[in-house]
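Okay, structure.json now, which holds JSON, C-alpha atoms:
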```json
[["chain", "number", "residue", "atom", "x", "y", "z"],
["A", 1, "MET", "CA", 46.69, 75.32, 39.16],
["A", 2, "THR", "CA", 44.15, 72.68, 38.32],
["A", 3, "THR", "CA", 40.67, 73.64, 39.48],
["A", 4, "ARG", "CA", 37.78, 71.26, 39.91],
["A", 5, "ARG", "CA", 36.17, 72.70, 36.79],
["A", 6, "THR", "CA", 39.38, 72.19, 34.78],
["A", 7, "PHE", "CA", 39.77, 68.68, 36.09],
["A", 8, "LEU", "CA", 36.21, 67.76, 35.17],
["A", 9, "ALA", "CA", 36.61, 69.27, 31.71],
["A", 10, "GLN", "CA", 39.84, 67.33, 31.13],
["A", 11, "ALA", "CA", 38.24, 64.15, 32.45],
["A", 12, "GLY", "CA", 35.33, 64.68, 30.11],
["A", 13, "LEU", "CA", 37.67, 65.07, 27.14],
["A", 14, "MET", "CA", 39.55, 61.92, 28.10],
["A", 15, "ALA", "CA", 36.32, 59.97, 28.41],
["A", 16, "ALA", "CA", 35.16, 61.23, 25.04],
["A", 17, "GLY", "CA", 38.49, 60.22, 23.53],
["A", 18, "ALA", "CA", 38.18, 56.77, 25.01],
["A", 19, "MET", "CA", 34.73, 56.44, 23.50],
["A", 20, "LEU", "CA", 35.89, 57.66, 20.10],
["A", 21, "ALA", "CA", 39.06, 55.59, 19.92],
["A", 22, "PRO", "CA", 37.36, 52.22, 19.32],
["A", 23, "LYS", "CA", 35.25, 53.81, 16.60],
["A", 24, "LEU", "CA", 38.31, 55.16, 14.83],
["A", 25, "VAL", "CA", 40.01, 51.79, 14.99],
["A", 26, "SER", "CA", 36.85, 50.11, 13.80],
["A", 27, "ALA", "CA", 36.50, 52.54, 10.90],
["A", 28, "LYS", "CA", 40.09, 51.91, 9.84],
["A", 29, "ALA", "CA", 39.67, 48.15, 10.13],
["A", 30, "SER", "CA", 36.52, 48.25, 7.99],
["A", 31, "ASN", "CA", 38.38, 49.62, 4.97],
["A", 32, "LYS", "CA", 38.30, 47.12, 2.15],
["A", 33, "VAL", "CA", 41.03, 48.47, -0.13],
["A", 34, "GLY", "CA", 42.33, 45.70, -2.31],
["A", 35, "LEU", "CA", 44.57, 45.15, -5.29],
["A", 36, "GLN", "CA", 43.76, 43.01, -8.30],
["A", 37, "LEU", "CA", 46.98, 41.03, -8.61],
["A", 38, "TYR", "CA", 46.78, 41.25, -12.41],
["A", 39, "SER", "CA", 48.31, 44.68, -11.83],
["A", 40, "LEU", "CA", 51.58, 42.87, -11.02],
["A", 41, "ARG", "CA", 51.31, 40.03, -13.52],
["A", 42, "ASP", "CA", 54.84, 40.59, -14.80],
["A", 43, "GLN", "CA", 56.38, 40.44, -11.32],
["A", 44, "LEU", "CA", 54.43, 37.59, -9.70],
["A", 45, "PRO", "CA", 55.87, 34.61, -11.59],
["A", 46, "LYS", "CA", 59.42, 35.67, -10.67],
["A", 47, "ASP", "CA", 58.90, 36.13, -6.92],
["A", 48, "VAL", "CA", 55.38, 35.53, -5.64],
["A", 49, "LYS", "CA", 56.36, 35.82, -1.98],
["A", 50, "GLY", "CA", 58.26, 39.06, -2.49],
["A", 51, "VAL", "CA", 55.44, 40.58, -4.53],
["A", 52, "ILE", "CA", 52.78, 39.78, -1.93],
["A", 53, "ALA", "CA", 54.96, 41.35, 0.76],
["A", 54, "GLN", "CA", 55.27, 44.49, -1.39],
["A", 55, "VAL", "CA", 51.48, 44.64, -1.86],
["A", 56, "ALA", "CA", 50.97, 44.67, 1.91],
["A", 57, "LYS", "CA", 53.73, 47.27, 2.30],
["A", 58, "ALA", "CA", 51.97, 49.48, -0.28],
["A", 59, "GLY", "CA", 48.97, 49.82, 2.02],
["A", 60, "TYR", "CA", 46.54, 47.14, 0.90],
["A", 61, "ASN", "CA", 44.63, 44.78, 3.16],
["A", 62, "GLU", "CA", 43.01, 42.64, 0.47],
["A", 63, "VAL", "CA", 43.97, 41.10, -2.84],
["A", 64, "GLU", "CA", 41.87, 39.80, -5.68],
["A", 65, "THR", "CA", 43.46, 36.81, -7.36],
["A", 66, "PHE", "CA", 43.80, 35.79, -10.99],
["A", 67, "GLY", "CA", 45.76, 33.16, -12.86],
["A", 68, "PHE", "CA", 44.92, 30.09, -10.79],
["A", 69, "ASN", "CA", 46.08, 26.86, -12.43],
["A", 70, "LYS", "CA", 44.80, 23.46, -11.36],
["A", 71, "GLU", "CA", 48.27, 21.94, -11.61],
["A", 72, "THR", "CA", 50.52, 24.73, -10.36],
["A", 73, "GLY", "CA", 48.15, 26.74, -8.17],
["A", 74, "TYR", "CA", 49.17, 30.36, -7.75],
["A", 75, "TRP", "CA", 52.61, 30.78, -9.32],
["A", 76, "GLY", "CA", 53.83, 27.50, -7.86],
["A", 77, "LEU", "CA", 52.02, 27.74, -4.53],
["A", 78, "LYS", "CA", 49.12, 25.42, -3.75],
["A", 79, "GLY", "CA", 45.99, 26.85, -2.18],
["A", 80, "LYS", "CA", 47.01, 26.29, 1.45],
["A", 81, "GLU", "CA", 50.50, 27.68, 0.84],
["A", 82, "PHE", "CA", 49.14, 30.76, -0.90],
["A", 83, "SER", "CA", 46.59, 31.27, 1.87],
["A", 84, "GLN", "CA", 49.35, 31.14, 4.49],
["A", 85, "LEU", "CA", 51.42, 33.62, 2.48],
["A", 86, "LEU", "CA", 48.53, 36.08, 2.55],
["A", 87, "LYS", "CA", 48.00, 35.59, 6.28],
["A", 88, "ASP", "CA", 51.71, 36.09, 6.96],
["A", 89, "ASN", "CA", 51.42, 39.48, 5.29],
["A", 90, "GLY", "CA", 48.15, 40.52, 6.94],
["A", 91, "LEU", "CA", 46.14, 40.14, 3.75],
["A", 92, "THR", "CA", 42.81, 38.52, 2.94],
["A", 93, "THR", "CA", 41.23, 37.70, -0.40],
["A", 94, "PRO", "CA", 37.49, 38.17, -0.88],
["A", 95, "SER", "CA", 37.39, 37.27, -4.54],
["A", 96, "GLY", "CA", 39.21, 35.84, -7.51],
["A", 97, "HIS", "CA", 38.92, 36.01, -11.28],
["A", 98, "TYR", "CA", 38.31, 32.56, -12.72],
["A", 99, "GLY", "CA", 37.66, 31.87, -16.39],
["A", 100, "LEU", "CA", 34.39, 30.01, -16.95],
["A", 101, "ASP", "CA", 34.21, 29.87, -20.74],
["A", 102, "GLU", "CA", 34.38, 26.07, -20.51],
["A", 103, "TYR", "CA", 31.12, 25.99, -18.59],
["A", 104, "PHE", "CA", 29.35, 28.50, -20.86],
["A", 105, "GLY", "CA", 30.56, 26.68, -23.94],
["A", 106, "SER", "CA", 30.05, 23.01, -23.05],
["A", 107, "GLY", "CA", 28.47, 22.95, -19.61],
["A", 108, "LYS", "CA", 31.45, 21.08, -18.12],
["A", 109, "THR", "CA", 32.10, 21.76, -14.43],
["A", 110, "ASP", "CA", 35.65, 20.37, -14.09],
["A", 111, "ASP", "CA", 37.24, 23.82, -13.81],
["A", 112, "LEU", "CA", 34.39, 25.13, -11.68],
["A", 113, "ASN", "CA", 34.88, 22.38, -9.13],
["A", 114, "ALA", "CA", 38.58, 23.20, -8.88],
["A", 115, "TYR", "CA", 37.76, 26.88, -8.45],
["A", 116, "ILE", "CA", 35.29, 26.14, -5.67],
["A", 117, "GLU", "CA", 37.86, 24.07, -3.82],
["A", 118, "VAL", "CA", 40.63, 26.66, -3.96],
["A", 119, "ALA", "CA", 38.30, 29.60, -3.26],
["A", 120, "ASN", "CA", 37.17, 27.94, -0.06],
["A", 121, "THR", "CA", 40.74, 27.02, 0.83],
["A", 122, "ILE", "CA", 42.00, 30.60, 0.63],
["A", 123, "GLY", "CA", 38.90, 32.15, 2.18],
["A", 124, "GLN", "CA", 37.23, 33.83, -0.78],
["A", 125, "SER", "CA", 33.52, 34.61, -0.83],
["A", 126, "HIS", "CA", 33.11, 35.30, -4.56],
["A", 127, "ILE", "CA", 34.15, 33.59, -7.78],
["A", 128, "ILE", "CA", 34.15, 36.32, -10.41],
["A", 129, "ILE", "CA", 33.89, 35.90, -14.16],
["A", 130, "PRO", "CA", 36.60, 38.23, -15.55],
["A", 131, "SER", "CA", 35.29, 38.30, -19.11],
["A", 132, "LEU", "CA", 33.30, 36.23, -21.58],
["A", 133, "ASN", "CA", 33.82, 34.88, -25.07],
["A", 134, "HIS", "CA", 32.02, 37.30, -27.36],
["A", 135, "ASN", "CA", 30.71, 34.41, -29.45],
["A", 136, "PHE", "CA", 28.41, 33.51, -26.55],
["A", 137, "ILE", "CA", 26.44, 36.78, -26.71],
["A", 138, "LYS", "CA", 25.68, 37.51, -30.35],
["A", 139, "THR", "CA", 21.88, 37.66, -29.96],
["A", 140, "VAL", "CA", 19.41, 38.62, -27.25],
["A", 141, "ASP", "CA", 18.56, 34.95, -26.77],
["A", 142, "ASP", "CA", 22.28, 34.21, -26.39],
["A", 143, "CYS", "CA", 22.52, 36.87, -23.68],
["A", 144, "LYS", "CA", 19.50, 35.52, -21.84],
["A", 145, "GLY", "CA", 20.97, 32.02, -22.07],
["A", 146, "VAL", "CA", 24.20, 33.21, -20.49],
["A", 147, "ALA", "CA", 22.26, 34.94, -17.70],
["A", 148, "GLU", "CA", 20.36, 31.70, -17.08],
["A", 149, "LYS", "CA", 23.65, 29.78, -16.87],
["A", 150, "MET", "CA", 24.98, 32.39, -14.44],
["A", 151, "ASN", "CA", 22.03, 31.66, -12.18],
["A", 152, "LYS", "CA", 22.75, 27.93, -12.43],
["A", 153, "ILE", "CA", 26.44, 28.44, -11.59],
["A", 154, "ALA", "CA", 25.41, 30.69, -8.71],
["A", 155, "GLY", "CA", 23.19, 27.91, -7.40],
["A", 156, "ILE", "CA", 26.12, 25.48, -7.47],
["A", 157, "LEU", "CA", 28.32, 28.00, -5.68],
["A", 158, "LYS", "CA", 25.69, 28.70, -3.04],
["A", 159, "ALA", "CA", 25.76, 25.05, -2.02],
["A", 160, "SER", "CA", 29.49, 25.54, -1.31],
["A", 161, "GLY", "CA", 29.07, 28.81, 0.57],
["A", 162, "LEU", "CA", 30.17, 31.00, -2.34],
["A", 163, "LYS", "CA", 28.66, 33.62, -4.63],
["A", 164, "LEU", "CA", 29.16, 34.43, -8.30],
["A", 165, "GLY", "CA", 30.32, 37.78, -9.60],
["A", 166, "TYR", "CA", 30.73, 39.36, -13.04],
["A", 167, "HIS", "CA", 33.43, 41.84, -14.05],
["A", 168, "ASN", "CA", 32.82, 44.07, -17.07],
["A", 169, "HIS", "CA", 34.93, 45.59, -19.79],
["A", 170, "ASN", "CA", 33.24, 47.89, -22.32],
["A", 171, "PHE", "CA", 31.88, 45.39, -24.85],
["A", 172, "GLU", "CA", 28.95, 44.69, -22.52],
["A", 173, "TRP", "CA", 27.29, 47.90, -23.74],
["A", 174, "ALA", "CA", 27.52, 47.10, -27.45],
["A", 175, "PRO", "CA", 23.97, 46.99, -28.82],
["A", 176, "VAL", "CA", 22.43, 43.52, -29.03],
["A", 177, "GLY", "CA", 19.00, 43.80, -30.59],
["A", 178, "ASP", "CA", 17.17, 46.43, -28.56],
["A", 179, "THR", "CA", 19.29, 45.95, -25.44],
["A", 180, "THR", "CA", 22.83, 45.24, -24.23],
["A", 181, "PHE", "CA", 24.43, 42.23, -22.61],
["A", 182, "TYR", "CA", 24.99, 44.18, -19.39],
["A", 183, "ASP", "CA", 21.31, 45.09, -19.12],
["A", 184, "VAL", "CA", 20.33, 41.49, -19.75],
["A", 185, "VAL", "CA", 22.64, 40.26, -16.99],
["A", 186, "LEU", "CA", 21.36, 42.82, -14.49],
["A", 187, "ASN", "CA", 17.72, 42.14, -15.33],
["A", 188, "ASN", "CA", 17.88, 38.35, -15.55],
["A", 189, "THR", "CA", 20.20, 37.20, -12.77],
["A", 190, "ASP", "CA", 19.28, 36.66, -9.14],
["A", 191, "PRO", "CA", 20.51, 39.67, -7.09],
["A", 192, "LYS", "CA", 20.89, 37.42, -4.04],
["A", 193, "LEU", "CA", 23.26, 35.08, -5.86],
["A", 194, "VAL", "CA", 25.01, 37.12, -8.57],
["A", 195, "ALA", "CA", 27.00, 40.22, -7.61],
["A", 196, "MET", "CA", 28.42, 42.70, -10.06],
["A", 197, "GLU", "CA", 32.00, 43.91, -10.02],
["A", 198, "MET", "CA", 31.89, 47.22, -11.85],
["A", 199, "ASP", "CA", 35.13, 48.22, -13.51],
["A", 200, "LEU", "CA", 34.71, 51.99, -13.39],
["A", 201, "TYR", "CA", 37.36, 52.67, -16.03],
["A", 202, "TRP", "CA", 35.66, 50.48, -18.60],
["A", 203, "VAL", "CA", 32.22, 51.92, -17.83],
["A", 204, "VAL", "CA", 33.56, 55.41, -18.50],
["A", 205, "ARG", "CA", 35.36, 54.14, -21.62],
["A", 206, "ALA", "CA", 31.99, 52.82, -22.81],
["A", 207, "GLY", "CA", 30.53, 56.31, -22.46],
["A", 208, "LYS", "CA", 28.31, 55.36, -19.52],
["A", 209, "ASN", "CA", 27.75, 57.00, -16.15],
["A", 210, "PRO", "CA", 28.40, 54.64, -13.21],
["A", 211, "VAL", "CA", 26.16, 56.64, -10.88],
["A", 212, "GLU", "CA", 23.19, 56.30, -13.23],
["A", 213, "ILE", "CA", 23.71, 52.54, -13.28],
["A", 214, "PHE", "CA", 23.95, 52.47, -9.46],
["A", 215, "GLU", "CA", 20.67, 54.40, -9.24],
["A", 216, "LYS", "CA", 18.94, 52.04, -11.62],
["A", 217, "HIS", "CA", 20.23, 48.89, -9.89],
["A", 218, "PRO", "CA", 20.92, 49.80, -6.24],
["A", 219, "GLY", "CA", 22.72, 47.27, -4.12],
["A", 220, "ARG", "CA", 23.96, 45.12, -7.00],
["A", 221, "PHE", "CA", 27.62, 46.15, -6.95],
["A", 222, "ALA", "CA", 29.47, 44.43, -4.12],
["A", 223, "PHE", "CA", 32.83, 45.14, -5.80],
["A", 224, "VAL", "CA", 34.29, 47.93, -7.88],
["A", 225, "HIS", "CA", 37.53, 48.07, -9.80],
["A", 226, "VAL", "CA", 38.98, 51.50, -9.18],
["A", 227, "LYS", "CA", 41.10, 52.23, -12.21],
["A", 228, "ASP", "CA", 41.88, 55.74, -13.47],
["A", 229, "ARG", "CA", 42.13, 56.96, -17.06],
["A", 230, "ASP", "CA", 45.09, 58.95, -18.33],
["A", 231, "LYS", "CA", 44.14, 62.52, -19.20],
["A", 232, "THR", "CA", 45.95, 62.53, -22.53],
["A", 233, "ASN", "CA", 45.49, 58.94, -23.70],
["A", 234, "ALA", "CA", 42.19, 57.21, -22.85],
["A", 235, "GLU", "CA", 43.71, 53.81, -23.59],
["A", 236, "LEU", "CA", 46.18, 54.13, -20.72],
["A", 237, "ASN", "CA", 45.72, 53.87, -16.96],
["A", 238, "THR", "CA", 47.26, 56.11, -14.36],
["A", 239, "GLU", "CA", 47.40, 56.28, -10.57],
["A", 240, "ILE", "CA", 44.07, 56.89, -8.83],
["A", 241, "GLY", "CA", 43.55, 60.65, -8.61],
["A", 242, "ASN", "CA", 45.92, 61.47, -11.46],
["A", 243, "GLY", "CA", 43.43, 60.84, -14.26],
["A", 244, "ASP", "CA", 40.12, 62.26, -15.42],
["A", 245, "ILE", "CA", 37.61, 59.93, -13.71],
["A", 246, "ASP", "CA", 35.55, 61.67, -11.02],
["A", 247, "PHE", "CA", 35.91, 59.10, -8.25],
["A", 248, "LYS", "CA", 34.69, 61.50, -5.56],
["A", 249, "THR", "CA", 31.26, 61.68, -7.17],
["A", 250, "ILE", "CA", 31.13, 58.03, -8.19],
["A", 251, "LEU", "CA", 32.31, 56.54, -4.90],
["A", 252, "GLY", "CA", 30.19, 59.05, -3.02],
["A", 253, "LYS", "CA", 27.37, 56.70, -4.05],
["A", 254, "ALA", "CA", 29.09, 53.60, -2.65],
["A", 255, "LYS", "CA", 26.36, 52.89, -0.11],
["A", 256, "LEU", "CA", 23.64, 53.13, -2.76],
["A", 257, "ALA", "CA", 25.60, 50.82, -5.03],
["A", 258, "GLY", "CA", 26.19, 48.29, -2.27],
["A", 259, "ILE", "CA", 30.00, 48.44, -2.57],
["A", 260, "LYS", "CA", 31.87, 46.42, 0.02],
["A", 261, "HIS", "CA", 35.26, 46.07, -1.67],
["A", 262, "PHE", "CA", 37.27, 48.76, -3.47],
["A", 263, "ILE", "CA", 39.84, 47.04, -5.66],
["A", 264, "VAL", "CA", 42.59, 48.93, -7.45],
["A", 265, "GLU", "CA", 43.67, 47.62, -10.82],
["A", 266, "GLN", "CA", 46.23, 49.12, -13.15],
["A", 267, "GLU", "CA", 46.90, 47.38, -16.43],
["A", 268, "ASN", "CA", 49.80, 49.52, -17.61],
["A", 269, "TYR", "CA", 52.37, 51.91, -16.18],
["A", 270, "THR", "CA", 54.04, 54.95, -17.73],
["A", 271, "ASN", "CA", 57.45, 55.98, -16.40],
["A", 272, "ILE", "CA", 56.75, 54.86, -12.85],
["A", 273, "ASP", "CA", 57.73, 51.87, -10.76],
["A", 274, "PRO", "CA", 54.66, 49.61, -10.35],
["A", 275, "TYR", "CA", 55.14, 49.40, -6.57],
["A", 276, "VAL", "CA", 55.29, 53.19, -6.28],
["A", 277, "SER", "CA", 52.19, 53.39, -8.46],
["A", 278, "ILE", "CA", 50.06, 50.99, -6.44],
["A", 279, "ALA", "CA", 51.13, 52.69, -3.19],
["A", 280, "LYS", "CA", 50.00, 56.08, -4.54],
["A", 281, "SER", "CA", 46.64, 54.63, -5.53],
["A", 282, "ALA", "CA", 46.11, 53.01, -2.13],
["A", 283, "SER", "CA", 46.99, 56.25, -0.37],
["A", 284, "TYR", "CA", 44.54, 58.26, -2.49],
["A", 285, "LEU", "CA", 41.72, 55.82, -1.83],
["A", 286, "LYS", "CA", 42.26, 55.85, 1.91],
["A", 287, "ASN", "CA", 43.37, 59.42, 2.58],
["A", 288, "THR", "CA", 41.52, 61.44, -0.06],
["A", 289, "LEU", "CA", 38.47, 59.38, -0.97],
["A", 290, "HIS", "CA", 38.19, 57.92, 2.56],
["A", 291, "VAL", "CA", 36.73, 54.62, 1.44]]
```
Would you mind writing the file out in structure tokens?
Amino acid sequence: MTTRRTFLAQAGLMAAGAMLAPKLVSAKASNKVGLQLYSLRDQLPKDVKGVIAQVAKAGYNEVETFGFNKETGYWGLKGKEFSQLLKDNGLTTPSGHYGLDEYFGSGKTDDLNAYIEVANTIGQSHIIIPSLNHNFIKTVDDCKGVAEKMNKIAGILKASGLKLGYHNHNFEWAPVGDTTFYDVVLNNTDPKLVAMEMDLYWVVRAGKNPVEIFEKHPGRFAFVHVKDRDKTNAELNTEIGNGDIDFKTILGKAKLAGIKHFIVEQENYTNIDPYVSIAKSASYLKNTLHV
């Protein structure tokens, strides 16, 4: 028999559930778990549409692009076609890796202009430098010159509604005079215009502590590459959670770091299907790390 007290208690629980439900949906929708498409570089040229569908099926809601070509676009798809492909699969793209050695070497903006156009076409907010020619950063003055050029590029991008980003490997911590290239970039670029994309694997490979860098430069890291290190061979990647990188501690400082996008990247696979691998990594990020 349902008493008035029982009815009121049940009604209260239902009301609480109704209030919580939108929050749960909102929390799920706010997840920014992405995949750097370089992880599937061998598969993409053969079947770009099939690969993108598999990425969505693996549990991702974002992708980070690479490999754009001014003539052929993204594996044969022009910007608008590629954008539609992402939309058809429920994916967005906040960022892309675009090589800018031409600008740093000669100051030419031909490639940059093409990157701006396609980034805006497919809805990206950041153009990210994936790496840099080591010849550009041999001295401290070289490093400062590169940082100055980053600020100039960022100014150009700002006029088009975009921001610049920089993705590290491990060479950024090689000593240059009494500093490192990474320190020069962080200390000499405009935080409002230049975001950092920290590749956690390469930071650990360099012998550095990501949390210490977050604490020294809070809010600078809009993106992270979440890439695990094999326990037996430091030169190999493995699925997130299978390696020896302490992501729980590192990503526990996500708010301090300013992280908005968690992007999985795996450069190599050992005895596992790449699609199974990326699905395992996505699941660990969402269900164990709760990003």
Query - Interatomic distance, atom CA of Arg220 of chain A to atom CA of Ile127 of chain A (Å, one decimal) - result: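 These atoms are spaced 15.4 Å apart.
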Query raised in the report: Neighbours of segment 279-289 of chain A within 10 Å (all atoms listed in the file; same-chain residues fewer than 6 positions away dropped), as a count of residues only?
Result: 32
Report task. Pull the neighbourhood of (20.7, 45.0, -4.6) for me: all residues within 10 Å in file coordinates, counting all atoms listed in the file, as a ChimeraX atom specification. Result -> /A:190-192,194-196,214,217-222,256-258
Would you save the residues from that selection as an mmCIF file, keeping the file's coordinate frame, using C-alpha atoms?
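The resulting file, result_35.cif, is shown below:
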```
data_model
loop_
_atom_site.group_PDB
_atom_site.id
_atom_site.type_symbol
_atom_site.label_atom_id
_atom_site.label_comp_id
_atom_site.auth_asym_id
_atom_site.auth_seq_id
_atom_site.Cartn_x
_atom_site.Cartn_y
_atom_site.Cartn_z
ATOM 1 C CA ASP A 190 19.280 36.660 -9.140
ATOM 2 C CA PRO A 191 20.510 39.670 -7.090
ATOM 3 C CA LYS A 192 20.890 37.420 -4.040
ATOM 4 C CA VAL A 194 25.010 37.120 -8.570
ATOM 5 C CA ALA A 195 27.000 40.220 -7.610
ATOM 6 C CA MET A 196 28.420 42.700 -10.060
ATOM 7 C CA PHE A 214 23.950 52.470 -9.460
ATOM 8 C CA HIS A 217 20.230 48.890 -9.890
ATOM 9 C CA PRO A 218 20.920 49.800 -6.240
ATOM 10 C CA GLY A 219 22.720 47.270 -4.120
ATOM 11 C CA ARG A 220 23.960 45.120 -7.000
ATOM 12 C CA PHE A 221 27.620 46.150 -6.950
ATOM 13 C CA ALA A 222 29.470 44.430 -4.120
ATOM 14 C CA LEU A 256 23.640 53.130 -2.760
ATOM 15 C CA ALA A 257 25.600 50.820 -5.030
ATOM 16 C CA GLY A 258 26.190 48.290 -2.270
#
```
Query raised in the report: For Asn151 of chain A, which of A:Leu186, A:Val224, A:Met198, A:Ala119 is the closest residue, counting all atoms listed in the file?
Result: A:Leu186
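Nearest to Glu71 of chain A of all the residues A:Leu40, A:Asn188, A:Ala114, A:Val48 is A:Ala114, counting all atoms listed in the file.
Distance cut-off 10 Å, centre (31.7, 54.1, -22.2), atoms counted all atoms listed in the file; the residues meeting this are His169, Asn170, Phe171, Glu172, Trp173, Ala174, Leu200, Tyr201, Trp202, Val203, Val204, Arg205, Ala206, Gly207, Lys208, Asn209 and Pro210 of chain A.
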Can I get the selected residues back with C-alpha atoms, as a CSV table (one decimal), in the frame of the given file?
```csv
chain,number,residue,atom,x,y,z
A,169,HIS,CA,34.9,45.6,-19.8
A,170,ASN,CA,33.2,47.9,-22.3
A,171,PHE,CA,31.9,45.4,-24.8
A,172,GLU,CA,29.0,44.7,-22.5
A,173,TRP,CA,27.3,47.9,-23.7
A,174,ALA,CA,27.5,47.1,-27.4
A,200,LEU,CA,34.7,52.0,-13.4
A,201,TYR,CA,37.4,52.7,-16.0
A,202,TRP,CA,35.7,50.5,-18.6
A,203,VAL,CA,32.2,51.9,-17.8
A,204,VAL,CA,33.6,55.4,-18.5
A,205,ARG,CA,35.4,54.1,-21.6
A,206,ALA,CA,32.0,52.8,-22.8
A,207,GLY,CA,30.5,56.3,-22.5
A,208,LYS,CA,28.3,55.4,-19.5
A,209,ASN,CA,27.8,57.0,-16.2
A,210,PRO,CA,28.4,54.6,-13.2
```
Query raised in the report: Which of these residues is nearest to Pro274 of chain A, using all atoms listed in the file: A:Arg41, A:Lys163, A:His225, A:His290?
Result: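 With all atoms listed in the file as the atom set, the closest residue is A:Arg41.
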Requested in this report: List the neighbours of Leu37 of chain A out to 8 Å using all atoms listed in the file; skip same-chain residues closer than 6 positions along the sequence, and give me the result as JSON, numbers by chain.
Outcome: {"A": [63, 64, 65, 66, 265]}
Shell around Gly73 of chain A at 12 Å using only C-alpha atoms, local window under 2 positions removed, as a CSV table (one decimal) with C-alpha atoms, in the coordinates of the input:
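Output file result-v1.csv is given in full below:
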```csv
chain,number,residue,atom,x,y,z
A,45,PRO,CA,55.9,34.6,-11.6
A,48,VAL,CA,55.4,35.5,-5.6
A,65,THR,CA,43.5,36.8,-7.4
A,66,PHE,CA,43.8,35.8,-11.0
A,67,GLY,CA,45.8,33.2,-12.9
A,68,PHE,CA,44.9,30.1,-10.8
A,69,ASN,CA,46.1,26.9,-12.4
A,70,LYS,CA,44.8,23.5,-11.4
A,71,GLU,CA,48.3,21.9,-11.6
A,75,TRP,CA,52.6,30.8,-9.3
A,76,GLY,CA,53.8,27.5,-7.9
A,77,LEU,CA,52.0,27.7,-4.5
A,78,LYS,CA,49.1,25.4,-3.8
A,79,GLY,CA,46.0,26.8,-2.2
A,80,LYS,CA,47.0,26.3,1.4
A,81,GLU,CA,50.5,27.7,0.8
A,82,PHE,CA,49.1,30.8,-0.9
A,83,SER,CA,46.6,31.3,1.9
A,114,ALA,CA,38.6,23.2,-8.9
A,115,TYR,CA,37.8,26.9,-8.4
A,117,GLU,CA,37.9,24.1,-3.8
A,118,VAL,CA,40.6,26.7,-4.0
A,119,ALA,CA,38.3,29.6,-3.3
A,121,THR,CA,40.7,27.0,0.8
A,122,ILE,CA,42.0,30.6,0.6
```
Query - Gly177 of chain A environment, 12 Å, all atoms listed in the file, sequence neighbours closer than 6 positions dropped, as number ranges by chain - result: A: 137-143, 183-184
**Report entry** Best match for closeness to Gln124 of chain A among A:His97, A:Lys216, A:His167, A:Lys152, counting all atoms listed in the file
**Finding:** A:His97
